[in-house]
Amino acid sequence: MILQQFNSGLGNQMFQYSFFLYLKERYPYEQILADLSWFGWHQGYQGFHQGYELQKLFRVNLPEAGFRDIVRVSGRVPQTFRGAYQLDRILRLFTDKHYAKYRLDEMEPDRKLEAGKNWYLTGYYISEKYYRNRLEELRKVFVFPEMEPSGLKDRIRTGQSVSIHVRRGDYSDPVYGGKFKLLAMDYYRKAAGLIREKAGDAEFFIFSDDKDYISEAFDWLEPKTVVSGNSGEDSWKDMYLMSLCRHNIIANSTFSTWGALLNANKDAMIIYPAEYMNGEDSEIKTIPGWIRI
């Protein structure tokens, strides 16, 4: 049996779902279940996003592990995983009650999980090798509920729209331990310059969790619209609107990464940062149109 833990915010859950499909394809004869208990134990804890959103937004129904499955496979009761909020992109495995860990790029595709054993997997699985070949399939699954009609959505859909995502607020939270890098304004200036070389009449739409910072930091950029109002349970609307933009400038964030991955425009230019975490560069994407700076 293989159990995979789902945790964290919407962007990470989407990567975890893609990895779940990867597991089903790679281990067709194994029983693979999703451990969703993290969301129950973290419900109401500040800083842990909006709970389990895959089913609420996309009607994703995963075969779910029960309490006995989790205890039998991992050797721990579910609430002890409250501290397993990995930020080092390590794949952690609990097999037959023995703990081991492997860097994702070291384990797959050369190393396979041994058949006939119980495995517990927890991680974020953001490498493109887990979703690149099924991106069109995922776009058919990750279809957002239709938003109410608005002038903003119409402008984004019909113009040379460019999303800019700025992630700041929660990256300074102690839960992250200072591991995530706050991107410098130089990154956004360079990215906007590259976009304008291709679409000179671009209109920029800025999405951020720190609106006060945006109002001053982007005074050099015009024309721009700072998108507001999509917070709490409506946070997903920012990802949806980003996906509708013609081009995307993303942050070191799985949230805006999925906004760009769901962008189905054929000529889309996606700018992404070379620096992801403090002291760690981002993966080099091979998806057409993605540019790393």
# chains A, B, ... in the order shown; residues from 1 in each chain; ligands from 1
call {"tool": "residues_around", "arguments": {"residues": "Gln31 in chain A", "least_positions_apart": "3", "cutoff": "9 Å", "atoms": "only C-alpha atoms", "output": "mmCIF file with N, CA and C atoms, in the first residue's frame"}}
result
data_model
loop_
_atom_site.group_PDB
_atom_site.id
_atom_site.type_symbol
_atom_site.label_atom_id
_atom_site.label_comp_id
_atom_site.auth_asym_id
_atom_site.auth_seq_id
_atom_site.Cartn_x
_atom_site.Cartn_y
_atom_site.Cartn_z
ATOM 1 N N MET A 1 0.839 -1.196 0.000
ATOM 2 C CA MET A 1 0.000 0.000 0.000
ATOM 3 C C MET A 1 0.876 1.248 0.000
ATOM 4 N N ILE A 2 0.479 2.233 -0.778
ATOM 5 C CA ILE A 2 1.179 3.519 -0.805
ATOM 6 C C ILE A 2 0.209 4.596 -0.332
ATOM 7 N N LEU A 3 0.598 5.315 0.705
ATOM 8 C CA LEU A 3 -0.189 6.441 1.196
ATOM 9 C C LEU A 3 0.551 7.737 0.881
ATOM 10 N N LYS A 24 -0.079 6.506 -9.589
ATOM 11 C CA LYS A 24 -1.022 5.528 -10.131
ATOM 12 C C LYS A 24 -0.525 4.974 -11.462
ATOM 13 N N TYR A 27 2.805 2.787 -10.533
ATOM 14 C CA TYR A 27 2.571 1.592 -9.714
ATOM 15 C C TYR A 27 1.125 1.122 -9.903
ATOM 16 N N PRO A 28 0.794 0.614 -11.085
ATOM 17 C CA PRO A 28 -0.601 0.281 -11.395
ATOM 18 C C PRO A 28 -1.172 -0.865 -10.556
#
call {"tool": "residues_around", "arguments": {"residues": "Ser18 in chain A", "least_positions_apart": "3", "cutoff": "8 Å", "atoms": "only C-alpha atoms", "output": "PDB file with N, CA and C atoms, in the first residue's frame"}}
result
ATOM      1  N   MET A  14      -2.383  21.041  -5.693  1.00  0.00           N
ATOM      2  CA  MET A  14      -2.469  20.737  -7.119  1.00  0.00           C
ATOM      3  C   MET A  14      -1.240  19.962  -7.589  1.00  0.00           C
ATOM      4  N   PHE A  15      -0.059  20.332  -7.088  1.00  0.00           N
ATOM      5  CA  PHE A  15       1.138  19.550  -7.393  1.00  0.00           C
ATOM      6  C   PHE A  15       1.045  18.148  -6.792  1.00  0.00           C
ATOM      7  N   LEU A  21      -1.409  11.150  -9.513  1.00  0.00           N
ATOM      8  CA  LEU A  21      -1.633  10.533 -10.821  1.00  0.00           C
ATOM      9  C   LEU A  21      -0.371   9.840 -11.321  1.00  0.00           C
ATOM     10  N   TYR A  22       0.777  10.472 -11.042  1.00  0.00           N
ATOM     11  CA  TYR A  22       2.067   9.886 -11.417  1.00  0.00           C
ATOM     12  C   TYR A  22       2.263   8.540 -10.718  1.00  0.00           C
ATOM     13  N   TYR A 130       6.878  15.515 -13.034  1.00  0.00           N
ATOM     14  CA  TYR A 130       5.693  14.861 -12.516  1.00  0.00           C
ATOM     15  C   TYR A 130       4.405  15.337 -13.192  1.00  0.00           C
ATOM     16  N   TYR A 131       4.456  16.432 -13.946  1.00  0.00           N
ATOM     17  CA  TYR A 131       3.231  16.934 -14.558  1.00  0.00           C
ATOM     18  C   TYR A 131       3.382  17.330 -16.026  1.00  0.00           C
ATOM     19  N   LEU A 138      -4.424  17.785 -16.842  1.00  0.00           N
ATOM     20  CA  LEU A 138      -4.629  18.536 -15.606  1.00  0.00           C
ATOM     21  C   LEU A 138      -5.447  19.800 -15.844  1.00  0.00           C
TER      22      LEU A 138
END
call {"tool": "residues_around", "arguments": {"residues": "Phe20 in chain A", "least_positions_apart": "4", "cutoff": "9 Å", "atoms": "only C-alpha atoms", "output": "ChimeraX atom specification"}}
result
/A:4,15-16,24-25,32-34
call {"tool": "write_last_selection", "arguments": {"atoms": "N, CA and C atoms", "output": "compact mmCIF listing (two decimals), in the first residue's frame"}}
result
# COMPACT_ATOMS: atom_id res chain seq x y z
N GLN A 4 -0.17 8.69 0.34
CA GLN A 4 0.42 10.00 0.05
C GLN A 4 -0.31 11.06 0.86
N PHE A 15 -0.06 20.33 -7.09
CA PHE A 15 1.14 19.55 -7.39
C PHE A 15 1.04 18.15 -6.79
N GLN A 16 0.51 18.05 -5.60
CA GLN A 16 0.37 16.75 -4.96
C GLN A 16 -0.61 15.86 -5.72
N LYS A 24 -0.08 6.51 -9.59
CA LYS A 24 -1.02 5.53 -10.13
C LYS A 24 -0.52 4.97 -11.46
N GLU A 25 0.11 5.82 -12.24
CA GLU A 25 0.65 5.38 -13.53
C GLU A 25 1.88 4.51 -13.34
N ILE A 32 -3.17 2.77 -3.82
CA ILE A 32 -2.65 4.10 -3.52
C ILE A 32 -3.78 4.95 -2.95
N LEU A 33 -3.57 5.45 -1.74
CA LEU A 33 -4.60 6.21 -1.04
C LEU A 33 -4.07 7.57 -0.62
N ALA A 34 -4.98 8.52 -0.48
CA ALA A 34 -4.64 9.87 -0.08
C ALA A 34 -4.92 10.06 1.41
call {"tool": "select_by_dssp", "arguments": {"residues": "range 50-270 of chain A", "states": "strand (DSSP E)", "output": "ChimeraX atom specification"}}
result
/A:90-95,98-103,119-122,161-166,203-208,224-226,247-249,270
call {"tool": "select_by_dssp", "arguments": {"residues": "range 105-230 of chain A", "states": "helix (DSSP H, G or I)", "output": "PyMOL selection string"}}
result
chain A and resi 105-107+128-130+132-141+151-158+169-172+174-176+185-198+211-217
call {"tool": "residues_around", "arguments": {"residues": "Val166 in chain A", "least_positions_apart": "5", "cutoff": "12 Å", "atoms": "only C-alpha atoms", "output": "compact mmCIF listing (two decimals) with N, CA and C atoms, in the first residue's frame"}}
result
# COMPACT_ATOMS: atom_id res chain seq x y z
N TYR A 171 5.50 34.85 3.68
CA TYR A 171 6.88 34.39 3.61
C TYR A 171 7.72 34.93 4.77
N LYS A 181 12.65 33.30 -0.32
CA LYS A 181 13.26 34.58 -0.71
C LYS A 181 12.17 35.57 -1.09
N LEU A 182 12.28 36.80 -0.59
CA LEU A 182 11.42 37.88 -1.05
C LEU A 182 12.06 38.46 -2.30
N LEU A 183 11.39 38.32 -3.43
CA LEU A 183 11.97 38.73 -4.70
C LEU A 183 12.20 40.24 -4.75
N ALA A 184 13.36 40.62 -5.27
CA ALA A 184 13.71 42.04 -5.38
C ALA A 184 12.96 42.68 -6.55
N MET A 185 12.81 44.00 -6.49
CA MET A 185 12.11 44.72 -7.55
C MET A 185 12.84 44.61 -8.88
N TYR A 187 13.92 42.02 -10.27
CA TYR A 187 13.35 40.88 -10.99
C TYR A 187 12.11 41.33 -11.77
N TYR A 188 11.23 42.08 -11.13
CA TYR A 188 10.00 42.50 -11.78
C TYR A 188 10.26 43.52 -12.89
N PHE A 205 -1.57 43.45 -14.49
CA PHE A 205 -2.51 43.21 -13.40
C PHE A 205 -1.71 42.58 -12.25
N ILE A 206 -1.65 43.28 -11.13
CA ILE A 206 -0.79 42.87 -10.03
C ILE A 206 -1.63 42.19 -8.95
N PHE A 207 -1.18 41.00 -8.57
CA PHE A 207 -1.82 40.20 -7.53
C PHE A 207 -0.82 40.04 -6.38
N SER A 208 -1.27 40.32 -5.16
CA SER A 208 -0.34 40.25 -4.04
C SER A 208 -1.08 40.10 -2.73
N ASP A 209 -0.38 39.59 -1.73
CA ASP A 209 -0.91 39.52 -0.38
C ASP A 209 -0.44 40.72 0.45
N ASP A 210 0.19 41.70 -0.21
CA ASP A 210 0.69 42.89 0.48
C ASP A 210 0.39 44.12 -0.37
N LYS A 211 -0.87 44.55 -0.36
CA LYS A 211 -1.31 45.66 -1.22
C LYS A 211 -0.64 46.97 -0.86
N ASP A 212 -0.33 47.19 0.41
CA ASP A 212 0.32 48.43 0.82
C ASP A 212 1.70 48.55 0.19
N TYR A 213 2.43 47.44 0.13
CA TYR A 213 3.75 47.44 -0.50
C TYR A 213 3.64 47.73 -1.99
N ILE A 214 2.66 47.14 -2.64
CA ILE A 214 2.50 47.27 -4.09
C ILE A 214 2.29 48.71 -4.51
N SER A 215 1.48 49.45 -3.77
CA SER A 215 1.12 50.81 -4.16
C SER A 215 2.33 51.71 -4.35
N ALA A 217 5.84 50.33 -4.38
CA ALA A 217 6.94 49.62 -5.03
C ALA A 217 6.79 49.58 -6.55
N PHE A 218 5.57 49.62 -7.05
CA PHE A 218 5.35 49.54 -8.50
C PHE A 218 4.91 50.88 -9.08
N VAL A 226 -4.05 47.05 -9.68
CA VAL A 226 -3.81 46.21 -8.50
C VAL A 226 -5.12 45.51 -8.17
N VAL A 227 -5.12 44.19 -8.30
CA VAL A 227 -6.33 43.40 -8.10
C VAL A 227 -6.55 43.19 -6.60
N ASP A 238 -7.82 34.77 -7.56
CA ASP A 238 -6.58 35.36 -8.08
C ASP A 238 -5.88 34.39 -9.03
N ASN A 248 2.36 35.87 -18.12
CA ASN A 248 2.46 35.83 -16.66
C ASN A 248 3.88 36.11 -16.20
N ILE A 249 3.97 36.90 -15.13
CA ILE A 249 5.21 37.08 -14.38
C ILE A 249 4.93 36.50 -13.00
N ILE A 250 5.54 35.38 -12.68
CA ILE A 250 5.17 34.68 -11.45
C ILE A 250 6.20 34.92 -10.35
N ALA A 251 5.80 34.61 -9.14
CA ALA A 251 6.70 34.69 -7.99
C ALA A 251 7.24 33.30 -7.70
N ASN A 252 8.08 33.20 -6.68
CA ASN A 252 8.55 31.89 -6.22
C ASN A 252 7.47 31.27 -5.35
N SER A 253 6.40 30.90 -6.01
CA SER A 253 5.19 30.48 -5.32
C SER A 253 4.46 29.44 -6.16
N PHE A 255 1.40 28.92 -6.01
CA PHE A 255 0.11 29.51 -6.34
C PHE A 255 0.16 30.16 -7.72
N SER A 256 1.13 31.05 -7.94
CA SER A 256 1.20 31.70 -9.25
C SER A 256 1.80 30.79 -10.30
N THR A 257 2.58 29.78 -9.90
CA THR A 257 3.07 28.81 -10.87
C THR A 257 1.89 28.11 -11.53
N TYR A 272 9.73 33.44 -14.89
CA TYR A 272 9.81 32.88 -13.54
C TYR A 272 11.20 33.13 -12.96
N PRO A 273 11.30 33.21 -11.63
CA PRO A 273 12.58 33.62 -11.00
C PRO A 273 13.58 32.48 -10.90
call {"tool": "atom_distance", "arguments": {"atom1": "CA of Trp220 in chain A", "atom2": "CA of Ala202 in chain A"}}
result
14.4 Å
call {"tool": "residues_around", "arguments": {"residues": "range 151-156 of chain A", "least_positions_apart": "3", "cutoff": "7 Å", "atoms": "only C-alpha atoms", "output": "number ranges by chain"}}
result
A: 159, 161, 241, 244-245
call {"tool": "closest_residue", "arguments": {"among": "A:Tyr276, A:Trp119, A:Tyr17, A:Trp290", "to": "Pro63 in chain A", "atoms": "only C-alpha atoms"}}
result
A:Tyr17
call {"tool": "closest_residue", "arguments": {"among": "A:Asp186, A:Glu203, A:Asp170, A:Glu128", "to": "Thr158 in chain A", "atoms": "only C-alpha atoms"}}
result
A:Glu203
call {"tool": "residues_around", "arguments": {"residues": "Arg139 in chain A", "least_positions_apart": "3", "cutoff": "9 Å", "atoms": "only C-alpha atoms", "output": "VMD selection string"}}
result
chain A and resid 134 to 136 142 to 143 261 to 264
call {"tool": "residues_around", "arguments": {"residues": "Phe180 in chain A", "least_positions_apart": "2", "cutoff": "6 Å", "atoms": "only C-alpha atoms", "output": "PyMOL selection string"}}
result
chain A and resi 178+277-278
call {"tool": "write_last_selection", "arguments": {"atoms": "C-alpha atoms", "output": "mmCIF file, in the first residue's frame"}}
result
data_model
loop_
_atom_site.group_PDB
_atom_site.id
_atom_site.type_symbol
_atom_site.label_atom_id
_atom_site.label_comp_id
_atom_site.auth_asym_id
_atom_site.auth_seq_id
_atom_site.Cartn_x
_atom_site.Cartn_y
_atom_site.Cartn_z
ATOM 1 C CA GLY A 178 13.090 32.581 6.599
ATOM 2 C CA MET A 277 14.376 29.731 -1.764
ATOM 3 C CA ASN A 278 17.220 31.410 0.075
#
call {"tool": "closest_residue", "arguments": {"among": "A:Met242, A:Met269, A:Met147, A:Gly11", "to": "Ala199 in chain A", "atoms": "only C-alpha atoms"}}
result
A:Met269
call {"tool": "atom_distance", "arguments": {"atom1": "CA of Tyr240 in chain A", "atom2": "CA of Pro149 in chain A"}}
result
13.4 Å
call {"tool": "closest_residue", "arguments": {"among": "A:Glu283, A:Ser163, A:Lys190, A:Phe204", "to": "Ala260 in chain A", "atoms": "only C-alpha atoms"}}
result
A:Ser163
